[in-house]
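*Asks:* My file is data.txt. It has compact mmCIF, C-alpha atoms and all ligand atoms:
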```
# COMPACT_ATOMS: atom_id res chain seq x y z
CA MET E 1275 19.35 23.86 16.63
CA ARG E 1276 16.46 23.08 18.96
CA LEU E 1277 17.10 22.93 22.69
CA PHE E 1278 15.04 21.02 25.22
CA SER E 1279 15.01 20.98 28.98
CA SER E 1280 15.75 17.37 29.66
CA ALA E 1281 13.98 15.64 32.51
CA SER E 1282 17.18 13.93 33.59
CA ASP E 1283 20.93 14.50 33.42
CA ALA E 1284 21.57 10.88 32.52
CA ALA E 1285 24.39 10.19 30.06
CA VAL E 1286 22.88 9.94 26.62
CA ASP E 1287 22.74 6.50 25.06
CA ALA E 1288 24.46 7.36 21.74
CA ALA E 1289 23.60 4.01 20.17
CA GLY E 1290 19.96 4.53 21.13
CA VAL E 1291 19.97 7.96 19.48
CA GLU E 1292 21.50 6.53 16.32
CA ALA E 1293 18.91 3.74 16.21
CA ALA E 1294 16.05 6.20 16.74
CA VAL E 1295 17.31 8.53 14.00
CA GLY E 1296 17.93 5.62 11.62
CA ALA E 1297 14.39 4.34 12.16
CA VAL E 1298 12.81 7.64 11.04
CA HIS E 1299 10.77 6.95 7.94
CA ASP E 1300 11.38 8.86 4.72
CA PRO E 1301 7.88 9.44 3.29
CA GLU E 1302 9.07 9.52 -0.32
CA LEU E 1303 11.49 6.60 -0.16
CA LYS E 1304 9.11 4.72 2.15
CA ILE E 1305 11.97 3.16 4.11
CA GLY E 1306 13.95 4.13 7.22
CA LEU E 1307 16.75 6.69 6.96
CA ALA E 1308 19.41 4.15 7.97
CA GLU E 1309 18.21 1.66 5.37
CA ALA E 1310 18.23 4.42 2.74
CA GLY E 1311 21.84 5.29 3.63
CA MET E 1312 20.77 8.79 4.61
CA VAL E 1313 22.34 8.98 8.06
CA ALA E 1314 25.83 10.34 7.44
CA ALA E 1315 26.70 10.97 11.10
CA VAL E 1316 25.17 11.04 14.57
CA GLU E 1317 27.21 12.51 17.42
CA VAL E 1318 26.32 13.42 20.97
CA ASP E 1319 28.41 16.12 22.64
CA ARG E 1320 29.15 16.50 26.33
CA ARG E 1321 26.25 18.88 26.85
CA GLY E 1322 23.76 16.30 25.62
CA THR E 1323 23.28 17.92 22.23
CA VAL E 1324 22.79 15.53 19.31
CA HIS E 1325 24.37 16.51 15.96
CA VAL E 1326 22.86 14.64 13.02
CA THR E 1327 24.04 14.93 9.43
CA LEU E 1328 21.55 13.68 6.87
CA ARG E 1329 22.68 12.64 3.43
CA LEU E 1330 19.92 13.89 1.11
CA THR E 1331 19.08 12.46 -2.31
CA THR E 1332 19.24 16.03 -3.62
CA PRO E 1333 20.18 19.30 -1.87
CA THR E 1334 16.73 20.68 -2.79
CA CYS E 1335 14.92 17.69 -1.24
CA PRO E 1336 11.29 18.80 -0.74
CA MET E 1337 11.07 16.67 2.41
CA LYS E 1338 14.04 18.40 4.10
CA GLN E 1339 12.01 20.24 6.74
CA GLN E 1340 9.80 17.28 7.55
CA LEU E 1341 12.84 15.02 7.88
CA ALA E 1342 14.53 17.54 10.19
CA ASP E 1343 11.38 17.71 12.34
CA ASP E 1344 11.00 13.94 12.51
CA VAL E 1345 14.69 13.38 13.28
CA THR E 1346 14.56 16.05 15.98
CA ALA E 1347 11.50 14.46 17.57
CA ALA E 1348 13.03 10.97 17.44
CA ALA E 1349 16.35 12.07 19.01
CA ALA E 1350 14.66 14.30 21.60
CA ALA E 1351 12.67 11.32 22.88
CA ILE E 1352 15.90 9.68 24.12
CA ASP E 1353 16.66 10.21 27.78
CA GLY E 1354 19.16 12.97 28.53
CA VAL E 1355 19.07 14.67 25.10
CA ARG E 1356 19.11 18.45 25.59
CA GLY E 1357 19.18 19.67 22.01
CA VAL E 1358 19.24 18.46 18.42
CA GLU E 1359 21.07 19.99 15.50
CA VAL E 1360 20.42 18.68 12.00
CA GLY E 1361 22.87 19.36 9.16
CA TYR E 1362 22.86 18.17 5.58
CA ALA E 1363 25.10 16.60 2.98
CA ALA E 1364 24.18 15.38 -0.50
CA MET E 1365 24.51 11.83 -1.79
CA THR E 1366 27.21 11.13 -4.33
CA ASP E 1367 26.29 9.79 -7.74
CA SER E 1368 27.21 6.25 -6.79
CA GLU E 1369 25.20 6.49 -3.55
CA ARG E 1370 22.19 7.65 -5.54
CA MET E 1371 22.66 4.79 -7.98
CA ALA E 1372 22.90 2.25 -5.14
CA LEU E 1373 19.73 3.66 -3.53
CA ALA E 1374 17.80 3.59 -6.82
CA GLN E 1375 18.82 -0.05 -7.30
CA ARG E 1376 17.74 -0.94 -3.78
CA LEU E 1377 14.36 0.74 -4.27
CA ARG E 1378 13.75 -0.98 -7.57
CA GLY E 1379 14.58 -4.32 -5.94
CA ASN E 1380 14.55 -7.18 -8.37
CA ARG E 1381 11.47 -6.18 -10.33
CA GLY E 1382 13.56 -4.75 -13.19
CA ARG E 1383 11.30 -3.14 -15.80
CA GLN E 1384 8.11 -4.71 -14.38
CA HIS E 1385 5.61 -2.44 -12.67
CA PRO E 1386 4.76 -3.42 -9.09
CA PHE E 1387 0.99 -3.87 -9.59
CA GLY E 1388 0.95 -7.32 -11.17
CA PRO E 1389 -1.37 -10.16 -10.09
CA ASP E 1390 0.80 -10.96 -7.05
CA SER E 1391 0.71 -7.47 -5.59
CA GLY E 1392 -1.54 -6.82 -2.60
CA THR E 1393 -2.57 -3.41 -3.96
CA ARG E 1394 -6.24 -2.77 -4.69
CA ILE E 1395 -6.46 -0.69 -7.86
CA TYR E 1396 -9.41 1.52 -8.67
CA ALA E 1397 -9.62 3.26 -12.04
CA VAL E 1398 -11.97 6.23 -11.70
CA ALA E 1399 -13.74 6.94 -14.97
CA SER E 1400 -16.47 9.14 -16.35
CA GLY E 1401 -18.11 9.54 -19.71
CA LYS E 1402 -18.27 13.31 -19.87
CA GLY E 1403 -15.63 15.69 -18.57
CA GLY E 1404 -16.28 17.99 -15.63
CA VAL E 1405 -18.54 15.64 -13.65
CA GLY E 1406 -16.12 15.66 -10.71
CA LYS E 1407 -14.11 12.50 -11.37
CA SER E 1408 -10.81 14.06 -10.25
CA SER E 1409 -12.36 15.63 -7.15
CA ILE E 1410 -13.83 12.26 -6.20
CA THR E 1411 -10.49 10.51 -6.80
CA ALA E 1412 -8.56 13.03 -4.69
CA ASN E 1413 -11.01 12.84 -1.81
CA LEU E 1414 -11.28 9.05 -1.77
CA ALA E 1415 -7.47 8.93 -1.70
CA ALA E 1416 -7.09 11.48 1.10
CA SER E 1417 -9.82 9.77 3.10
CA LEU E 1418 -8.24 6.32 2.74
CA ALA E 1419 -4.84 7.79 3.72
CA ALA E 1420 -6.43 9.39 6.80
CA GLN E 1421 -7.71 5.93 7.73
CA GLY E 1422 -4.09 4.75 7.77
CA GLN E 1423 -3.91 3.10 4.36
CA ARG E 1424 -0.92 3.49 2.06
CA VAL E 1425 -2.40 5.24 -0.95
CA GLY E 1426 -1.19 6.41 -4.35
CA VAL E 1427 -2.92 8.49 -7.03
CA LEU E 1428 -1.86 8.16 -10.63
CA ASP E 1429 -3.24 11.07 -12.63
CA ALA E 1430 -3.76 9.48 -16.03
CA ASP E 1431 -5.84 12.42 -17.23
CA VAL E 1432 -2.82 13.52 -19.23
CA TRP E 1433 -4.46 16.37 -21.12
CA GLY E 1434 -6.74 17.65 -18.37
CA TYR E 1435 -4.65 16.79 -15.29
CA SER E 1436 -5.89 18.34 -12.08
CA VAL E 1437 -4.26 16.27 -9.34
CA PRO E 1438 -1.45 18.83 -8.71
CA GLN E 1439 -4.10 21.52 -8.13
CA LEU E 1440 -6.41 19.35 -6.03
CA PHE E 1441 -3.54 18.38 -3.67
CA GLY E 1442 -1.84 21.78 -3.77
CA VAL E 1443 1.46 20.34 -5.02
CA ARG E 1444 3.57 22.14 -7.59
CA GLN E 1445 7.01 20.61 -7.20
CA ALA E 1446 8.64 18.33 -9.75
CA PRO E 1447 9.32 14.82 -8.45
CA VAL E 1448 12.85 14.05 -7.27
CA ALA E 1449 14.51 11.84 -9.88
CA LEU E 1450 16.88 9.19 -8.65
CA LYS E 1451 18.79 7.67 -11.52
CA GLY E 1452 15.73 6.98 -13.66
CA LEU E 1453 13.39 6.39 -10.72
CA MET E 1454 10.94 9.18 -9.84
CA LEU E 1455 9.93 9.68 -6.21
CA PRO E 1456 6.24 10.63 -6.13
CA PRO E 1457 5.50 13.88 -4.27
CA GLN E 1458 3.46 13.42 -1.07
CA ALA E 1459 0.44 15.38 0.07
CA HIS E 1460 -2.10 14.56 2.76
CA GLY E 1461 -0.46 11.16 3.14
CA VAL E 1462 -0.93 10.28 -0.54
CA SER E 1463 1.82 9.51 -3.10
CA LEU E 1464 1.08 11.40 -6.30
CA MET E 1465 2.16 11.26 -9.92
CA SER E 1466 0.87 13.47 -12.69
CA VAL E 1467 2.01 14.84 -16.02
CA GLY E 1468 1.30 18.18 -14.38
CA PHE E 1469 4.45 17.77 -12.25
CA LEU E 1470 6.56 17.52 -15.38
CA VAL E 1471 5.23 20.24 -17.66
CA ASP E 1472 4.55 23.94 -17.28
CA ASP E 1473 0.99 24.85 -16.40
CA GLU E 1474 0.49 26.77 -19.62
CA GLU E 1475 2.13 24.15 -21.80
CA PRO E 1476 -0.27 21.92 -23.78
CA VAL E 1477 0.39 18.19 -23.60
CA ILE E 1478 0.33 16.93 -27.17
CA TRP E 1479 1.23 13.30 -26.63
CA ARG E 1480 -0.55 10.72 -28.73
CA GLY E 1481 -0.47 6.99 -29.47
CA PRO E 1482 2.83 5.30 -28.66
CA MET E 1483 4.19 8.26 -26.70
CA LEU E 1484 1.13 8.26 -24.50
CA HIS E 1485 1.40 4.51 -23.97
CA LYS E 1486 5.08 4.90 -23.05
CA ALA E 1487 4.35 7.74 -20.61
CA ILE E 1488 1.64 5.78 -18.81
CA GLU E 1489 3.87 2.73 -18.67
CA GLN E 1490 6.66 4.84 -17.18
CA PHE E 1491 4.31 6.24 -14.57
CA LEU E 1492 3.78 2.70 -13.38
CA THR E 1493 7.31 1.35 -13.83
CA ASP E 1494 9.68 4.24 -13.17
CA VAL E 1495 7.91 5.72 -10.16
CA HIS E 1496 8.80 4.49 -6.70
CA TRP E 1497 5.29 3.75 -5.46
CA GLY E 1498 6.53 1.47 -2.69
CA GLU E 1499 4.06 -0.92 -1.08
CA LEU E 1500 0.58 0.50 -1.56
CA ASP E 1501 -2.69 -0.73 -0.13
CA VAL E 1502 -4.68 1.23 -2.71
CA LEU E 1503 -3.83 2.85 -6.04
CA LEU E 1504 -6.43 5.20 -7.50
CA VAL E 1505 -6.10 6.03 -11.17
CA ASP E 1506 -7.76 9.21 -12.40
CA LEU E 1507 -8.64 8.33 -16.00
CA PRO E 1508 -9.34 10.91 -18.71
CA PRO E 1509 -13.04 11.16 -19.56
CA GLY E 1510 -14.31 8.74 -22.20
CA THR E 1511 -12.90 5.58 -23.70
CA GLY E 1512 -9.69 6.79 -25.34
CA ASP E 1513 -6.13 5.48 -25.74
CA VAL E 1514 -5.07 6.07 -22.14
CA THR E 1515 -7.93 4.05 -20.73
CA LEU E 1516 -7.17 1.18 -23.08
CA THR E 1517 -3.46 1.31 -22.20
CA LEU E 1518 -4.26 1.17 -18.51
CA LEU E 1519 -6.68 -1.70 -18.94
CA GLU E 1520 -3.91 -3.56 -20.69
CA LEU E 1521 -1.22 -2.68 -18.12
CA LEU E 1522 -3.41 -3.10 -15.03
CA PRO E 1523 -5.72 -6.03 -15.74
CA ASP E 1524 -6.60 -6.27 -12.03
CA ALA E 1525 -7.95 -2.74 -11.82
CA GLN E 1526 -11.58 -2.24 -10.81
CA LEU E 1527 -13.60 0.52 -12.39
CA ILE E 1528 -15.46 3.20 -10.47
CA THR E 1529 -17.78 5.16 -12.72
CA VAL E 1530 -18.64 8.74 -11.85
CA THR E 1531 -21.71 10.41 -13.25
CA THR E 1532 -23.95 13.33 -12.43
CA PRO E 1533 -27.70 12.63 -12.10
CA GLN E 1534 -28.25 14.08 -15.59
CA PRO E 1535 -29.36 11.71 -18.38
CA ALA E 1536 -26.68 13.05 -20.77
CA ALA E 1537 -23.85 12.29 -18.32
CA ARG E 1538 -25.34 8.89 -17.44
CA THR E 1539 -25.64 7.81 -21.08
CA VAL E 1540 -22.00 8.60 -21.80
CA ALA E 1541 -20.85 7.02 -18.52
CA ALA E 1542 -22.77 3.87 -19.53
CA ARG E 1543 -20.49 3.58 -22.59
CA VAL E 1544 -17.41 3.49 -20.35
CA GLY E 1545 -19.15 0.88 -18.23
CA ARG E 1546 -19.93 -1.22 -21.30
CA MET E 1547 -16.33 -0.99 -22.44
CA ALA E 1548 -15.20 -2.29 -19.04
CA LEU E 1549 -17.71 -5.13 -19.13
CA ASP E 1550 -16.61 -6.08 -22.65
CA ALA E 1551 -13.01 -6.15 -21.41
CA ARG E 1552 -14.13 -8.26 -18.41
CA MET E 1553 -12.87 -5.55 -16.12
CA PRO E 1554 -14.63 -5.70 -12.76
CA ILE E 1555 -16.73 -2.65 -11.87
CA ALA E 1556 -16.73 -1.73 -8.19
CA GLY E 1557 -19.71 0.56 -8.62
CA VAL E 1558 -21.09 3.95 -9.53
CA ILE E 1559 -20.66 7.23 -7.67
CA GLU E 1560 -23.21 9.90 -8.39
CA ASN E 1561 -21.70 13.37 -8.00
CA MET E 1562 -23.37 16.77 -7.92
CA SER E 1563 -26.52 15.25 -6.44
CA ALA E 1564 -29.12 17.51 -4.83
CA LEU E 1565 -27.79 20.74 -3.38
CA ALA E 1566 -28.73 21.27 0.27
CA CYS E 1567 -29.47 24.89 1.19
CA GLY E 1568 -27.09 25.92 3.98
CA SER E 1569 -29.71 27.93 5.88
CA CYS E 1570 -33.07 26.21 5.29
CA GLY E 1571 -31.84 22.67 4.51
CA GLU E 1572 -34.10 22.39 1.45
CA HIS E 1573 -32.75 20.15 -1.33
CA THR E 1574 -32.59 21.36 -4.94
CA ALA E 1575 -31.91 18.74 -7.61
CA LEU E 1576 -29.98 21.08 -9.90
CA PHE E 1577 -28.88 18.29 -12.24
CA GLY E 1578 -31.98 16.13 -11.87
CA GLU E 1579 -32.28 12.90 -9.92
CA GLY E 1580 -31.68 9.21 -10.20
CA GLY E 1581 -28.84 9.11 -12.78
CA GLY E 1582 -26.46 7.20 -10.51
CA ALA E 1583 -29.02 4.56 -9.48
CA GLN E 1584 -30.09 4.05 -13.09
CA LEU E 1585 -26.49 3.65 -14.26
CA GLY E 1586 -25.83 1.14 -11.48
CA GLU E 1587 -28.89 -0.86 -12.51
CA GLN E 1588 -27.93 -0.73 -16.16
CA LEU E 1589 -24.43 -2.08 -15.43
CA GLY E 1590 -25.56 -4.45 -12.69
CA VAL E 1591 -23.31 -2.82 -10.09
CA PRO E 1592 -24.01 -0.99 -6.81
CA LEU E 1593 -24.48 2.74 -6.36
CA LEU E 1594 -21.64 3.44 -3.93
CA GLY E 1595 -22.69 6.93 -2.94
CA GLN E 1596 -24.30 10.24 -3.84
CA VAL E 1597 -22.06 13.23 -3.30
CA PRO E 1598 -24.07 16.44 -3.08
CA LEU E 1599 -23.23 19.64 -4.89
CA ASP E 1600 -21.31 21.46 -2.21
CA LEU E 1601 -19.58 24.82 -2.14
CA SER E 1602 -17.06 23.45 0.40
CA LEU E 1603 -15.87 20.79 -2.04
CA ARG E 1604 -15.32 23.33 -4.80
CA ALA E 1605 -13.59 25.82 -2.49
CA ALA E 1606 -11.34 23.14 -0.95
CA GLY E 1607 -10.34 21.90 -4.41
CA ASP E 1608 -9.46 25.44 -5.48
CA ALA E 1609 -7.38 25.85 -2.33
CA GLY E 1610 -5.48 22.62 -2.99
CA VAL E 1611 -6.77 20.70 0.03
CA PRO E 1612 -9.26 17.83 -0.41
CA VAL E 1613 -12.56 18.65 1.32
CA VAL E 1614 -12.34 15.50 3.50
CA VAL E 1615 -9.26 17.17 5.08
CA ALA E 1616 -10.23 20.85 4.82
CA ASP E 1617 -13.82 20.53 6.03
CA PRO E 1618 -14.57 16.96 7.15
CA ASP E 1619 -18.03 17.93 8.41
CA ALA E 1620 -19.20 19.24 5.03
CA ALA E 1621 -21.98 17.14 3.51
CA SER E 1622 -19.83 16.14 0.53
CA ALA E 1623 -16.88 15.22 2.79
CA ARG E 1624 -19.01 12.99 5.00
CA GLU E 1625 -20.39 11.11 2.01
CA LEU E 1626 -16.95 10.76 0.42
CA ALA E 1627 -15.45 9.44 3.66
CA ARG E 1628 -18.32 6.96 3.94
CA VAL E 1629 -17.77 5.75 0.36
CA ALA E 1630 -14.00 5.46 0.95
CA SER E 1631 -14.46 3.30 4.02
CA SER E 1632 -16.83 0.93 2.27
CA LEU E 1633 -15.23 0.57 -1.17
CA PRO E 1634 -15.88 -2.96 -2.35
CA HIS E 1635 -13.09 -5.18 -3.62
CA VAL E 1636 -14.37 -6.88 -6.76
CA ARG E 1637 -12.09 -9.47 -8.24
CA ARG E 1638 -11.67 -10.07 -11.90
CA SER E 1639 -13.03 -13.40 -13.02
CA LEU E 1640 -10.26 -15.80 -13.95
CA VAL E 1641 -12.22 -16.76 -17.03
CA GLY E 1642 -10.91 -14.96 -20.11
CA ARG E 1643 -8.03 -13.17 -18.37
CA SER E 1644 -6.51 -11.88 -21.57
CA LEU E 1645 -8.06 -8.68 -22.80
CA PRO E 1646 -9.68 -8.40 -26.21
CA LEU E 1647 -7.96 -5.05 -26.60
CA ALA E 1648 -4.91 -3.83 -28.38
CA VAL E 1649 -3.23 -0.46 -28.22
CA VAL E 1650 -2.13 0.98 -31.52
N1 LIG E 1701 -19.94 17.81 -5.57
C1 LIG E 1701 -19.46 18.96 -6.03
N2 LIG E 1701 -19.91 20.15 -5.56
C2 LIG E 1701 -19.42 21.33 -6.04
N3 LIG E 1701 -18.49 21.43 -6.98
C3 LIG E 1701 -18.00 20.28 -7.48
C4 LIG E 1701 -18.45 19.00 -7.05
N4 LIG E 1701 -17.75 18.05 -7.74
C5 LIG E 1701 -16.91 18.70 -8.54
N5 LIG E 1701 -17.05 20.04 -8.41
C6 LIG E 1701 -16.34 21.10 -9.15
O1 LIG E 1701 -16.56 20.86 -10.53
C7 LIG E 1701 -15.39 21.15 -11.30
C8 LIG E 1701 -15.00 19.93 -12.11
O2 LIG E 1701 -14.57 18.92 -11.21
P1 LIG E 1701 -13.41 17.89 -11.56
O3 LIG E 1701 -12.22 18.60 -12.14
O4 LIG E 1701 -13.20 17.03 -10.38
O5 LIG E 1701 -14.13 17.10 -12.72
P2 LIG E 1701 -13.56 16.01 -13.74
O6 LIG E 1701 -14.70 15.11 -14.05
O7 LIG E 1701 -12.34 15.39 -13.20
O8 LIG E 1701 -13.22 16.88 -14.98
P3 LIG E 1701 -12.23 16.49 -16.22
O9 LIG E 1701 -12.26 15.03 -16.36
O10 LIG E 1701 -12.84 17.22 -17.35
O11 LIG E 1701 -10.88 16.99 -15.79
C9 LIG E 1701 -14.34 21.59 -10.29
O12 LIG E 1701 -14.32 22.98 -10.25
C10 LIG E 1701 -14.83 21.02 -8.96
O13 LIG E 1701 -14.42 21.79 -7.85
```
What is this file in structure tokens?
*Replies:*
Amino acid sequence: MRLFSSASDAAVDAAGVEAAVGAVHDPELKIGLAEAGMVAAVEVDRRGTVHVTLRLTTPTCPMKQQLADDVTAAAAAIDGVRGVEVGYAAMTDSERMALAQRLRGNRGRQHPFGPDSGTRIYAVASGKGGVGKSSITANLAASLAAQGQRVGVLDADVWGYSVPQLFGVRQAPVALKGLMLPPQAHGVSLMSVGFLVDDEEPVIWRGPMLHKAIEQFLTDVHWGELDVLLVDLPPGTGDVTLTLLELLPDAQLITVTTPQPAARTVAARVGRMALDARMPIAGVIENMSALACGSCGEHTALFGEGGGAQLGEQLGVPLLGQVPLDLSLRAAGDAGVPVVVADPDAASARELARVASSLPHVRRSLVGRSLPLAVV
């Protein structure tokens, strides 16, 4: 229990406490605790201590501590409250079922990112692997979340997933009667195959199974209302990319390349594929641009120069930014904290934050809406 020295000895407004506790937002469910049916009891004793019992979706709820902190802060803000004690109970099966149904709403088996959704979707692609596509995705997401946007990251790089590592999240998502609650980190909702398999275990999905898995990541995950969904695609133009193009026809492509000709040429193929599918391309991000020496400031173009600008020209889209090679970005990624959060003044972080705040919103032309693609 936490005790406070209250400024006044006024009788506590029990209804006010209950309303304040009920209004606390559950970050995974994305609704208030009262609406989620999670407030089992709120009592105020004669000493001004508030006793709250929360009904958790699962006893091992990863948000338990944060919920306790938020509930404590909300109750403590009410006049006369001298202490707050938070206890827990678990939902029954039927309560979990009712909650899952409420969260799904009436969309049934449809995913929530259809043409009527207000979510901007960016699919982050590269030709070659290892050019920093996942690092860029993670940092754009964390930066947008820090600006107050509701952001999700779908790690569609099923074989080479790195979103769990980049966000420092290892826990499996809470499952609520067939609906997965995406883990949260740095204000971003996350979903990745990496949450569902052991680190050492190879993912050997192919064809229909892959298609099904990607579909489920869109349909059976409680994304809630998002302003932006970033999809980290696997490198190249494989099955997953085609599946996503089919499932998310309103997605816009962001192509990541290094300045090197080899990376640019392969990235151009992904760009061409998007153009052929009439998928809008938001632009190109050049990563691993010139390295600035920490002490003398001199720039070394380790991977050459100009690849991003040339790719942009080739595809007829803007160069959105040039993220320098930066030790801070690599170290932050290894530590599981995006560099825009861990070291916002680092050169890479400043450029990534700038790109995030000026991401264009390119709409798909209504001409030829159906895709000339099929998934086998
Ligand atoms: N600008 C940068 N400066 C320094 N290191 C970087 C930079 N961008 C990425 N890296 C590092 O390069 C490695 C590869 O990055 P990342 O995993 O983001 O690439 P990727 O294109 O998503 O790879 P893949 O698609 O093969 O999984 C990581 O160790 C990352 O920390």
*Asks:* How close does segment 1449-1473 of chain E get to segment 1369-1389 of chain E? List, as a tab-separated table, each residue of segment 1449-1473 of chain E within 8 Å, its nearest atom pair and the distance in Å to one decimal, counting all atoms listed in the file.
*Replies:*
```
residue	atom	partner	partner_atom	distance
E:Leu1450	CA	E:Ala1374	CA	6.0
E:Lys1451	CA	E:Met1371	CA	6.0
E:Gly1452	CA	E:Ala1374	CA	7.9
E:Leu1453	CA	E:Ala1374	CA	6.5
```
*Asks:* Output C-alpha atoms for every residue in that selection, as a short mmCIF file (atom, residue, chain, number, x, y, z; two decimals), keeping the file's coordinate frame.
*Replies:*
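This is the output file out.cif:
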```cif
data_model
loop_
_atom_site.label_atom_id
_atom_site.label_comp_id
_atom_site.auth_asym_id
_atom_site.auth_seq_id
_atom_site.Cartn_x
_atom_site.Cartn_y
_atom_site.Cartn_z
CA LEU E 1450 16.88 9.19 -8.65
CA LYS E 1451 18.79 7.67 -11.52
CA GLY E 1452 15.73 6.98 -13.66
CA LEU E 1453 13.39 6.39 -10.72
#
```
*Asks:* Show me, as number ranges by chain, the residues that have an atom within 8 Å of Thr1532 of chain E when counting only C-alpha atoms, minus same-chain residues fewer than 2 positions from it.
*Replies:* E: 1405, 1530, 1534, 1537-1538, 1560-1563, 1577, 1581-1582
*Asks:* Find the distance between atom CA of Ala1583 of chain E and atom O6 of ligand LIG 1701 (chain E) and write it in Å to one decimal.
*Replies:*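 Going from atom CA of Ala1583 of chain E over to atom O6 of ligand LIG 1701 (chain E) covers 18.4 Å.
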*Asks:* Excluding segment 1625-1633 of chain E and its own-chain neighbours fewer than 4 positions away, which residues fall within 9 Å of it when counting all atoms listed in the file? Please give them as a PDB file with C-alpha atoms, in the coordinates of the input.
*Replies:*
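Wrote it out as selection-v5.pdb, contents follow:
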```
ATOM      1  CA  ILE E1410     -13.830  12.260  -6.200  1.00  0.00           C
ATOM      2  CA  ASN E1413     -11.010  12.840  -1.810  1.00  0.00           C
ATOM      3  CA  LEU E1414     -11.280   9.050  -1.770  1.00  0.00           C
ATOM      4  CA  ALA E1415      -7.470   8.930  -1.700  1.00  0.00           C
ATOM      5  CA  ALA E1416      -7.090  11.480   1.100  1.00  0.00           C
ATOM      6  CA  SER E1417      -9.820   9.770   3.100  1.00  0.00           C
ATOM      7  CA  LEU E1418      -8.240   6.320   2.740  1.00  0.00           C
ATOM      8  CA  GLN E1421      -7.710   5.930   7.730  1.00  0.00           C
ATOM      9  CA  ALA E1556     -16.730  -1.730  -8.190  1.00  0.00           C
ATOM     10  CA  GLY E1557     -19.710   0.560  -8.620  1.00  0.00           C
ATOM     11  CA  ILE E1559     -20.660   7.230  -7.670  1.00  0.00           C
ATOM     12  CA  LEU E1594     -21.640   3.440  -3.930  1.00  0.00           C
ATOM     13  CA  GLY E1595     -22.690   6.930  -2.940  1.00  0.00           C
ATOM     14  CA  GLN E1596     -24.300  10.240  -3.840  1.00  0.00           C
ATOM     15  CA  VAL E1597     -22.060  13.230  -3.300  1.00  0.00           C
ATOM     16  CA  PRO E1598     -24.070  16.440  -3.080  1.00  0.00           C
ATOM     17  CA  VAL E1614     -12.340  15.500   3.500  1.00  0.00           C
ATOM     18  CA  PRO E1618     -14.570  16.960   7.150  1.00  0.00           C
ATOM     19  CA  ALA E1620     -19.200  19.240   5.030  1.00  0.00           C
ATOM     20  CA  ALA E1621     -21.980  17.140   3.510  1.00  0.00           C
TER      21      ALA E1621
END
```
*Asks:* Please indicate the distance in Å from atom CA of Val1613 of chain E to atom CA of Cys1567 of chain E, rounded to one decimal place.
*Replies:*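 Computed distance, atom CA of Val1613 of chain E to atom CA of Cys1567 of chain E, equals 18.0 Å.
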*Asks:* Taking only C-alpha atoms and all ligand atoms into account, which residues have an atom no farther than 6 Å from ligand LIG 1701 (chain E)? I'd like them as number ranges by chain.
*Replies:* E: 1403-1409, 1434, 1508-1509, 1561-1562, 1597-1601, 1603-1604, 1607
*Asks:* What does the distance from atom CA of Trp1497 of chain E to atom CA of Pro1592 of chain E come to in Å, to one decimal?
*Replies:* 29.7 Å
*Asks:* Kindly indicate which residue among E:Ala1419, E:Ala1487, E:Leu1428, E:Leu1492 lies nearest to Pro1612 of chain E, using all atoms listed in the file for the distances.
*Replies:*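 Checking each candidate against Pro1612 of chain E, we get E:Ala1419 as the closest.
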*Asks:* Here is a test: counting all atoms listed in the file, which residue of E:Ala1564, E:Leu1464, E:Ala1288, E:Val1636 is nearest to Tyr1396 of chain E?
*Replies:*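 With all atoms listed in the file as the atom set, the closest residue is E:Val1636.
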*Asks:* Looking at only C-alpha atoms, which of E:Ile1395, E:Ala1609, E:Leu1307, E:Ala1449 is the one that sits closest to Arg1638 of chain E?
*Replies:* E:Ile1395
*Asks:* Got a sec: who's within 7 Å of His1496 of chain E, counting only C-alpha atoms, leaving out chain neighbours fewer than 3 positions off, as a PyMOL selection string?
*Replies:* chain E and resi 1453-1456
*Asks:* Which protein, DNA or RNA residues have an atom at most 9 Å from (-8.6, 3.3, -8.6), counting all atoms listed in the file? List them as a list of chain:residue names.
*Replies:*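 Protein, DNA and RNA residues close to (-8.6, 3.3, -8.6): E:Arg1394, E:Ile1395, E:Tyr1396, E:Ala1397, E:Val1398, E:Ala1399, E:Thr1411, E:Ala1415, E:Val1427, E:Leu1428, E:Val1502, E:Leu1503, E:Leu1504, E:Val1505, E:Asp1506, E:Leu1507, E:Ala1525, E:Gln1526, E:Leu1527, E:Ile1528.
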